[in-house]
Each structure stands twice: as structure tokens, then as C-alpha cells.
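Written out below as C-alpha cells is the structure these notes cover.
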There are 2 protein chains.
Amino acid sequence: MGVSLRDIAERAGVSLATVSNVVNGYRPVGERTRQRVQQAVDELGYSPNLSARHLRRGRTGLIALAIPELNNPYFAELAEIAIREAAGLGYTLVMENTAADREAELLLLDGSRRHIIDGLIFSPVRIGREEVLARTADSPLVLIGEGVHDVPHDHIAIDNVAASQAAIQHLVEIGRRRIAFIGAADGGDRQSAHLRLRGYREALAAAGLPYRPRLVAGTPEFGRRDGRTAMRDLLALGEPPDAVFGYNDLVAVGALRALTEAGHRVPEDVAVIGIDDIEEGLFSTPTLTTIAPDKEAIGRLAVRRLVARIEGAEVTDALTVQTPFRLIRRESTCGRRGGNSGAVAPPFRYRPPDGS
Amino acid sequence: MGVSLRDIAERAGVSLATVSNVVNGYRPVGERTRQRVQQAVDELGYSPNLSARHLRRGRTGLIALAIPELNNPYFAELAEIAIREAAGLGYTLVMENTAADREAELLLLDGSRRHIIDGLIFSPVRIGREEVLARTADSPLVLIGEGVHDVPHDHIAIDNVAASQAAIQHLVEIGRRRIAFIGAADGGDRQSAHLRLRGYREALAAAGLPYRPRLVAGTPEFGRRDGRTAMRDLLALGEPPDAVFGYNDLVAVGALRALTEAGHRVPEDVAVIGIDDIEEGLFSTPTLTTIAPDKEAIGRLAVRRLVARIEGAEVTDALTVQTPFRLIRRESTCGRRGGNSGAVAPPFRYRPPDGS
DNA sequence: CTGAAAGCGCTAACAT
DNA sequence: ATGTTAGCGCTTTCAG
């Protein structure tokens, strides 16, 4: 094994506790003593054994971020932010991919892994309020996304209904009337798909447009392939749509591809919009108009709330934060070519998050 | 705290050691005893405290995967595979994003984090052989990618020179003569960029084509933006190229975008090929021809080798494995439209990896 | 086949 | 300001 506190203590001629205090700064230490200890630490190359520390403290220093699709760039970007934030606070973040699987989600809530992590940031899609309430593990839980509401845990998400409305409103403003939605949850269990569908319907109503069920396409999952397949089906309709709202950017990219393959012009024949603002949408042909959530805010806030809870801030009630989003207009709805960065509209709606 | 071995032991009226043996199966246990213990475990809901186990065993059950760009879908896909494989072997994988930063890479090799992980899978890009040899940490290390060679560690990678050659050869076969390369390492420290450049040069020579330094574009990093910028520069040349080989798919996608913006047709005017086979290339317009490494093999092998070392297989020498790759022809070099999955060429070169 | 007991390295309560 | 000491929960000899 490596160098332990005891080795340092002997070398420096002091007690274990003193070394610990020099290393961690729990208690003040005399200047001369500190120097002797520091020297020993440097010479022997000490670094603490985390297993021991964690055993003693009852914490592991690990937090988990559980997401339904690691392959979705949106989550990859979110993960990157969260990892950075966690590291800054002295925690190591491990990623758990539930693959949108119900069993995996249940296991995460109460499985044996729970003993290895101090807290969990969770984006559930296949379980509901009941399951979260039934959880027995007592480590802090922060929810992200719209999967579950009204549970006694911190919760961070954008307002999906409002986001959808913003998307549809934009399509209406550029003169579209037959607006399709791709990515309604087929199985019926992805809450955010329902909310985005609701926003779609409400925005249509507000614009005085009829709701046509045939223009709503369900998808088994929410990747590029799903978007492409659904778009093909939509095109097979007698009268195809003149605009498409994708559940997310991945679905929208798939729709884009199907349209191109079928020889339709975007946005002239069909306009396309998504949600997530993944970098890919800035480079697709045409570039993709999107609703951009504030990933930075979501990732950082989630980690900060979680760490605050872990470190004992039981004071506040569970709080729900709506993070801001904005509409980014690009070629897929505007028809401009050659722009190298989508024009940024002023925030459609901005609710400044409550700092941790 | 939770339920401990002691709780179970008391409940079942046996000793600690027996419970441990029932739970872990280290030693045989009498049938009746085992049942009593099992019952207690079920009733009380025991699951082992990993910190304690790790302290005792001197291992943490954590392995790290350190990559230079989490945002690159290639690495995200690789990570997903590795996480799955690690979980199957009873390990938790944590991701470390070095962001291609030299300091971050050095820290990983010898920093304090090393005490928290049992082993490291590392894709270095800014450090070289010397630094790896100078490493003092003694936990197992598996290298992936071409960053560092000839060190006493297991190493898994594709043959970058051969991969480049395959790419160039393909471009030559479809009649291209002015072939550019985007993604030479500007700073000069990304080894794989050098190797891919070498393959490019050798393949040009083999085809009897001249090497034109002006057709080689360096990039500061290797993302979509870099590809786009470099492509623009290339187009500003008096006589632009008729084909482009991107360091990776991301760079190629950026080049694709620059070409489209500038009004060039792909592949008629300029053919484009990349390396990595990210899903995005299957949905871009045009779809992207690419050299596809066997990510599944790389990810699984890396984890398996590492775990084998951790668990004491000191027997074999460090082994270097070349994983297979293949050329996938899509629209960006073939001009076919409407195909929904790129035609798959037979493997250009296949070296079956040595199973762990 | 089962039990008793010695720590793994660290922190924190209690002394001095 | 510093030292002593009792465990955290587990694995693993060594005895029976």
C-alpha cells in the first residue's frame, strides 16, 4: 500500500491527529509543526486513502448522474458541465445510463449502487411519482427533466409546455398552418413527450389552427432514426405538413434527413424545429432552428443543490427551479443561407434560477 | 447508517464471518445456516458497504476512462460501451475529461485521484512516452489510441496509418487527384494526427500523386468548427481540392458545412471522408463516408484487459492489440442519394484482436 | 463447517 | 496547540 498518515506522523514526530489537521485544515496547527509535517508529506508523497476517509465519514465522495441516453449529445453536453461542477466541489461524478429502461431506473432508485453514492441526479422517463415516493434510500435526490413532479425532492427543468408553445408560435409566425409534431410517446410513459404535445396543442389553439391527430407521430424512442421514420410516414400522408416540430433536435435531424431524401426543400416546403440546441444543429444542412435550454444552468444547479443537501442543508424545502430557454432561429425555418451562427432571438421567457 | 454485517449476524444468530461467506461465497456454508442468513439479509435489506470492503481489500472498485473530448460522439459511444462492460464485471467506471489539456493528463497519471481508482484507461494526446514512463502510480494502465507507443502497458488502437491509407485509396479509386487533409496537429503534439498525415502522404505516393503541403490544413482542435474553418481556408486557395480527408468525422462534418455554404457540390466537386463512424454521419447531407473503427472491440477489450490486470494477471507481458476497421461508403464520396444505410465494404484490413 | 479477533487508514470526541 | 483513542464495516487469518 501507499504512504499512510501514520508514516507521516512517525517521520515528523507528531501524532496522527496533527497530521490529519495539517492535511485537511480541520483545526489550527502551529507553524513549526505544520512545516515539519508538510515536509514529511512532500518527501514521502502522501495522499489520503479515500476508502478509509469515506468509511469513517459515512460518505463516498461520489455522486451519480443518471440519464436515459448517453448517446444523445444533449446529455453528453450536460454531463460534461456536471462533471466539471462536481469536480470543483470535491466530488467525483459517475454516469449511469438507464437507456430509458424501467428496470434500470428502479434499480437506480433503490438498488445496491445506492450505497456507493452520496447522492443522485436523475432524469427519469419510465417511472412516475409513485415509484419515487416509494424510494427507501435516504441519500439526496435531485430530479431533472419533466419525468416526475410533485415529489419532495429538488427539481430542475425547463417548462416544456412553454418551450413547445414558443416553437409552434415561431412556426405560425413564419406562416405555417399544417404543423406536425414528431415524438409523441408511443408507449405513453415519457412525461416530457406529453407536455411537449400539450404545448403543441395549446399553441395551435391559440393560433386558431385545428388540431389534426394525423399530424402527430408517435415514436418508440427519440433518436435520429425515429425522426426519420416518422417523417417518412408523415410524407406518405395525402397532404403532407408544411412544418415539423421535433420532440428534440435528434428527432428533428432525422426528419430533416427524411425530407432531403424525399426531395422536399427545407424550409421552403417544410420548416423544421427541434429542442436542445445540440452543436450538430449548427452544422446540419440546413442548420436547425431550435429551442435552447440553458444547459449550463441546469448542470451546475443540479450539482450544487445535490452537494448542498449532501453536506447537510436540510433547511430549505425541496425547491423546483425552471431554467430559462430561448429560441434560436436558423436556416430550417428562416431560409437564410451562409450564416455561420444562428441569429439569437431575445429570450422568449426567462425565469432566473434561484442560486443554489 | 444502513444495515451492516453485524446486524445480520445477530439476527441470524451466527458470526460475522459466516454472514460474509454467505453473501460473497468465499467459503462453503452449511445449507441450514445459509438459509437463516439469507432470510435475515432479505428481511433487513442488507447490501455491503463498499467503502469498508475497499478499505479492507485495498481496492475501490472504480476504474476511470480518460478521454480528450467528451463532446465528441465517438468518445461518447465508446464510453457507453465501456461503462456497460465495466458494470458487467462489477466495476464502476468514472469518466475523466482531460479536454486535451497537458496538465490534466499529467495529473491523471500521477495526481491524487489515482488513489481513488483501481485502474485507468487512458487516451493521451498531449503527453508522450517519457511522461508515461515516469509515472509513479502502480495501478494498471491501459492505453487507447495512438498517443503513446512502446511503453510497458497494454495498448489498444487501430492502425492509424493504415486507416488513412484506406481513406486516401478510396478517394483515389473514385478518381480524385487533389486530395486535401484537414486536421494536421498545429501544435504538433497529437500523435494520431501525425500518423494520419503519414498515412495520407504514403497513400498519395503509392498512387503516384504529388504531396502538396498547401493541401494540408492544421487545426487547433478537432471539432466541427475546426473543420469548417480549415475548409474555408482551403477553398480560398487558387485551385481548391477535389477531395478532403478529415482527421475525424467531426472535422469532416465541419468541412461538409463549409462546402455547402460556399456552394460547392459534394461529392461532385469535392468528395469528403472522415474517420470514426459517428451516427451523425449517417444523417448529414450528404451522408458521410467514413473509416469505422470497431468501437465495441476497443471499449470491451480495454475494460477486460484492465480488470484482468487489477485482479492480478501479471503473467502476460503488456500486449498491443490492433482492432479492425472498415470503410463505409456513403454519399459524400459516392454520390448515391436516398440510401438509408451506407453500403458496407468488406474489411480493408482485419486483425482479429487477442481476446482478453 | 463455523467462530473470534486483528486490523485496513482515517476522523472526531475527548483529554491534556 | 497537540495527543490518545475508539471505532466506521469489512475480509481474512487462525482456531476450533
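Letters A, B, ... go to the chains of the C-alpha cells in the order shown; residues in each chain start at 1; ligands are counted from 1 in the same order.
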
Contacts between chain A and chain C, please, where a residue of chain C counts if it comes within 7 Å (with only C-alpha atoms (C1' of nucleotides)); show its shortest atom pair and distance in Å to one decimal, rows by chain and ascending number, as a tab-separated table.
residue	atom	partner	partner_atom	distance
C:DG9	C1'	A:Ala52	CA	5.1
C:DC10	C1'	A:Arg53	CA	5.0
C:DT11	C1'	A:Arg56	CA	6.3

Print the selection's residues with C-alpha atoms (C1' of nucleotides) to a file, as a compact mmCIF listing (two decimals), in the first residue's frame.
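What ended up in selection_12.txt:
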# COMPACT_ATOMS: atom_id res chain seq x y z
C1' DG C 9 -6.48 4.26 7.24
C1' DC C 10 -8.93 7.68 8.73
C1' DT C 11 -11.79 11.22 11.71

Report the closest atom pair, with its distance in Å rounded to one decimal, for each residue of chain D that has an atom no farther than 12 Å from chain A; count only C-alpha atoms (C1' of nucleotides), sort by chain and then rising residue number, and write it as CSV.
residue,atom,partner,partner_atom,distance
D:DA1,C1',A:Val29,CA,6.4
D:DT2,C1',A:Thr18,CA,6.8
D:DG3,C1',A:Ser15,CA,6.1
D:DT4,C1',A:Ser15,CA,8.9
D:DT5,C1',A:Ala17,CA,10.6
D:DA6,C1',A:Arg56,CA,11.7
D:DG7,C1',A:Arg56,CA,8.6
D:DC8,C1',A:Arg56,CA,4.6
D:DG9,C1',A:Leu55,CA,7.6
D:DC10,C1',A:Leu55,CA,10.1

If you keep N, CA, C and O atoms (P, O5', C5', C4', C3', O3' and C1' of nucleotides), can you produce a file of those selected residues as a short mmCIF file (atom, residue, chain, number, x, y, z; two decimals), in the first residue's frame?
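Produced file out.cif, reproduced below:
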data_model
loop_
_atom_site.label_atom_id
_atom_site.label_comp_id
_atom_site.auth_asym_id
_atom_site.auth_seq_id
_atom_site.Cartn_x
_atom_site.Cartn_y
_atom_site.Cartn_z
P DA D 1 -3.72 27.46 17.94
"O5'" DA D 1 -2.88 26.51 18.94
"C5'" DA D 1 -1.50 26.76 19.08
"C4'" DA D 1 -0.82 25.48 19.48
"C3'" DA D 1 -0.75 24.40 18.39
"O3'" DA D 1 0.51 23.75 18.52
"C1'" DA D 1 -1.99 23.57 20.21
P DT D 2 1.02 22.71 17.48
"O5'" DT D 2 0.56 21.35 18.14
"C5'" DT D 2 1.42 20.72 19.08
"C4'" DT D 2 0.68 19.60 19.75
"C3'" DT D 2 0.56 18.31 18.96
"O3'" DT D 2 1.58 17.45 19.43
"C1'" DT D 2 -1.35 18.77 20.31
P DG D 3 1.71 15.98 18.88
"O5'" DG D 3 0.80 15.18 19.93
"C5'" DG D 3 1.10 15.28 21.31
"C4'" DG D 3 0.20 14.33 22.10
"C3'" DG D 3 0.12 12.91 21.53
"O3'" DG D 3 0.20 12.01 22.63
"C1'" DG D 3 -2.06 13.83 21.72
P DT D 4 0.36 10.45 22.39
"O5'" DT D 4 -0.96 9.82 23.00
"C5'" DT D 4 -1.93 10.65 23.65
"C4'" DT D 4 -3.09 9.78 24.10
"C3'" DT D 4 -3.08 8.33 23.65
"O3'" DT D 4 -3.76 7.59 24.64
"C1'" DT D 4 -4.89 9.45 22.62
P DT D 5 -3.96 5.99 24.51
"O5'" DT D 5 -5.39 5.92 23.80
"C5'" DT D 5 -6.49 6.60 24.42
"C4'" DT D 5 -7.76 6.37 23.62
"C3'" DT D 5 -7.87 4.95 23.03
"O3'" DT D 5 -9.24 4.58 23.15
"C1'" DT D 5 -8.14 6.53 21.32
P DA D 6 -9.58 3.05 23.38
"O5'" DA D 6 -11.09 3.05 22.89
"C5'" DA D 6 -11.93 4.17 23.18
"C4'" DA D 6 -12.90 4.38 22.02
"C3'" DA D 6 -13.43 3.08 21.41
"O3'" DA D 6 -14.78 3.31 21.08
"C1'" DA D 6 -12.37 4.34 19.73
P DG D 7 -15.73 2.08 20.88
"O5'" DG D 7 -14.89 1.18 19.85
"C5'" DG D 7 -15.50 0.68 18.68
"C4'" DG D 7 -15.86 1.82 17.74
"C3'" DG D 7 -16.24 1.30 16.37
"O3'" DG D 7 -17.44 1.95 15.95
"C1'" DG D 7 -14.41 2.80 16.19
P DC D 8 -18.55 1.14 15.21
"O5'" DC D 8 -18.47 1.71 13.73
"C5'" DC D 8 -18.94 3.01 13.39
"C4'" DC D 8 -18.55 3.27 11.96
"C3'" DC D 8 -18.73 2.06 11.05
"O3'" DC D 8 -19.97 2.20 10.36
"C1'" DC D 8 -16.55 3.10 10.74
P DG D 9 -21.06 1.05 10.49
"O5'" DG D 9 -20.50 -0.08 9.52
"C5'" DG D 9 -20.37 0.21 8.14
"C4'" DG D 9 -19.56 -0.88 7.48
"C3'" DG D 9 -20.13 -2.29 7.67
"O3'" DG D 9 -20.23 -2.85 6.37
"C1'" DG D 9 -17.83 -2.25 8.22
P DC D 10 -20.64 -4.34 6.11
"O5'" DC D 10 -19.23 -4.96 5.76
"C5'" DC D 10 -18.56 -4.51 4.58
"C4'" DC D 10 -17.12 -4.93 4.63
"C3'" DC D 10 -16.90 -6.42 4.50
"O3'" DC D 10 -16.56 -6.70 3.14
"C1'" DC D 10 -15.50 -5.42 6.18
#

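CA of Asp269 in chain A to CA of Thr285 in chain B spans 17.1 Å [interatomic distance, one decimal].
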
Sorted by chain and rising residue number, list the residues of chain A at most 8 Å from chain B (counting only C-alpha atoms), each with its closest atom pair and distance in Å to one decimal, as a tab-separated table.
residue	atom	partner	partner_atom	distance
A:Met1	CA	B:Gly58	CA	7.5
A:Ser47	CA	B:Ser112	CA	6.2
A:Pro48	CA	B:His115	CA	7.6
A:Asn49	CA	B:His115	CA	6.4
A:Leu50	CA	B:Ile116	CA	6.3
A:Ser51	CA	B:Ser51	CA	4.9
A:Ala52	CA	B:Leu55	CA	5.6
A:His54	CA	B:Ser51	CA	6.2
A:Leu55	CA	B:Ser51	CA	5.2
A:Gly58	CA	B:Met1	CA	7.5
A:Thr60	CA	B:Ser51	CA	7.0
A:Leu70	CA	B:Glu80	CA	6.7
A:Asn71	CA	B:Glu77	CA	6.2
A:Pro73	CA	B:Pro73	CA	7.2
A:Ala76	CA	B:Asn71	CA	6.2
A:Glu77	CA	B:Asn71	CA	6.2
A:Glu80	CA	B:Leu70	CA	6.7
A:Thr92	CA	B:Val94	CA	7.8
A:Leu93	CA	B:Val94	CA	6.9
A:Val94	CA	B:Val94	CA	5.0
A:Met95	CA	B:Val94	CA	7.0
A:Asn97	CA	B:Glu80	CA	7.8
A:Ser112	CA	B:Ser47	CA	6.1
A:His115	CA	B:Asn49	CA	6.4
A:Ile116	CA	B:Leu50	CA	6.3
A:Arg224	CA	B:Phe283	CA	7.5
A:Val253	CA	B:Phe283	CA	7.2
A:Gly254	CA	B:Phe283	CA	6.6
A:Arg257	CA	B:Phe283	CA	5.8
A:Thr260	CA	B:Thr285	CA	7.7
A:Glu261	CA	B:Gly338	CA	5.1
A:Ala262	CA	B:Gly338	CA	7.6
A:Glu280	CA	B:Glu280	CA	7.8
A:Phe283	CA	B:Arg257	CA	5.8
A:Ser284	CA	B:Ser284	CA	6.2
A:Thr285	CA	B:Thr285	CA	5.9
A:Arg337	CA	B:Glu261	CA	7.0
A:Gly338	CA	B:Glu261	CA	5.1

- Item | Exercise: range 179-195 of chain A partners within 7 Å, only C-alpha atoms (C1' of nucleotides), chain neighbours under 3 positions left out, as a PyMOL selection string | chain A and resi 125-126+146-147+160-161+176+198-199+215-220+222+227+230+241-247

- Task: Tell me which protein, DNA and RNA residues are within 12 Å of His170 in chain B, counting only C-alpha atoms (C1' of nucleotides), leaving out same-chain ones fewer than 3 positions away, and put them as a ChimeraX atom specification.
- Result: /B:163-167,173-177,179,200,203-204,207,243-245,271-274,289-291,326-330,332-334,345,348

- Per DSSP on the backbone, filter range 139-334 of chain A down to the residues in helix (DSSP H, G or I) and report them as a PyMOL selection string. chain A and resi 160-173+191-206+213-215+224-235+249-261+279-282+295-310+331-334

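Taking CA of Arg36 in chain B and C1' of DT11 in chain D as the two end points, the separation is 21.2 Å.
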
- Expressed in Å, the length from CA of Asp277 in chain B to CA of Ala292 in chain B is 4.8 Å
